[in-house]
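S.K.: Below you'll find the structure I mean.
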Amino acid sequence: MRLMKLKLSIRCVIICAVALMYLNALSAAELSLPLTQQSAAQLIAEQFGDKVLSTSVDKDKASLFRVKTLAEDGRVKIYYVDSITGQILK
């Protein structure tokens, strides 16, 4: 009986994890490529939960957006997002 409950619990955890990954993929997939500054900011906010302070085009590479955020712990973070691929670079 205990083994059955454990197997059921493990299945529930796996199902929940897959559902969360699917939902995260959906929100990122809703963004169309190439990204705009606004969609890059939205992507960072959704992925990390930080408050976006500003976005700009990177000085050295025009296809990168620089996204400046404020984390919950008060730290300022900088993310780089490739506008062509949507890849987040730190």
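Ordered as shown in the structure tokens, chains take letters A, B, and onward, while each chain numbers its residues from 1 and ligands are numbered from 1 in the order shown.
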Excluding same-chain residues fewer than 3 positions from range 69-85 of chain A, what lies within 7 Å of it counting only C-alpha atoms, as a list in words?
M.R.: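 Close residues of range 69-85 of chain A: Leu33, Pro34, Leu35, Thr36, Ala40, Asp50, Lys51, Val52, Leu53, Ser63, Leu64, Phe65, Arg66, Ile88, Leu89 and Lys90 of chain A.
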S.K.: Next, dump the selected residues to file, keeping only C-alpha atoms, as a compact mmCIF listing (two decimals), in the first residue's frame.
M.R.:
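After the write, out.txt holds the following:
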```txt
# COMPACT_ATOMS: atom_id res chain seq x y z
CA LEU A 33 11.29 36.31 -33.85
CA PRO A 34 13.13 38.55 -34.36
CA LEU A 35 12.47 40.04 -30.93
CA THR A 36 11.78 43.69 -30.29
CA ALA A 40 13.00 40.89 -24.99
CA ASP A 50 12.76 40.52 -12.14
CA LYS A 51 11.42 44.03 -12.68
CA VAL A 52 12.73 45.42 -15.96
CA LEU A 53 14.34 48.83 -15.52
CA SER A 63 21.41 42.04 -32.76
CA LEU A 64 21.73 41.96 -28.94
CA PHE A 65 19.44 43.72 -26.52
CA ARG A 66 20.76 44.72 -23.11
CA ILE A 88 19.23 34.71 -23.25
CA LEU A 89 22.91 35.35 -22.58
CA LYS A 90 24.16 36.53 -19.22
```
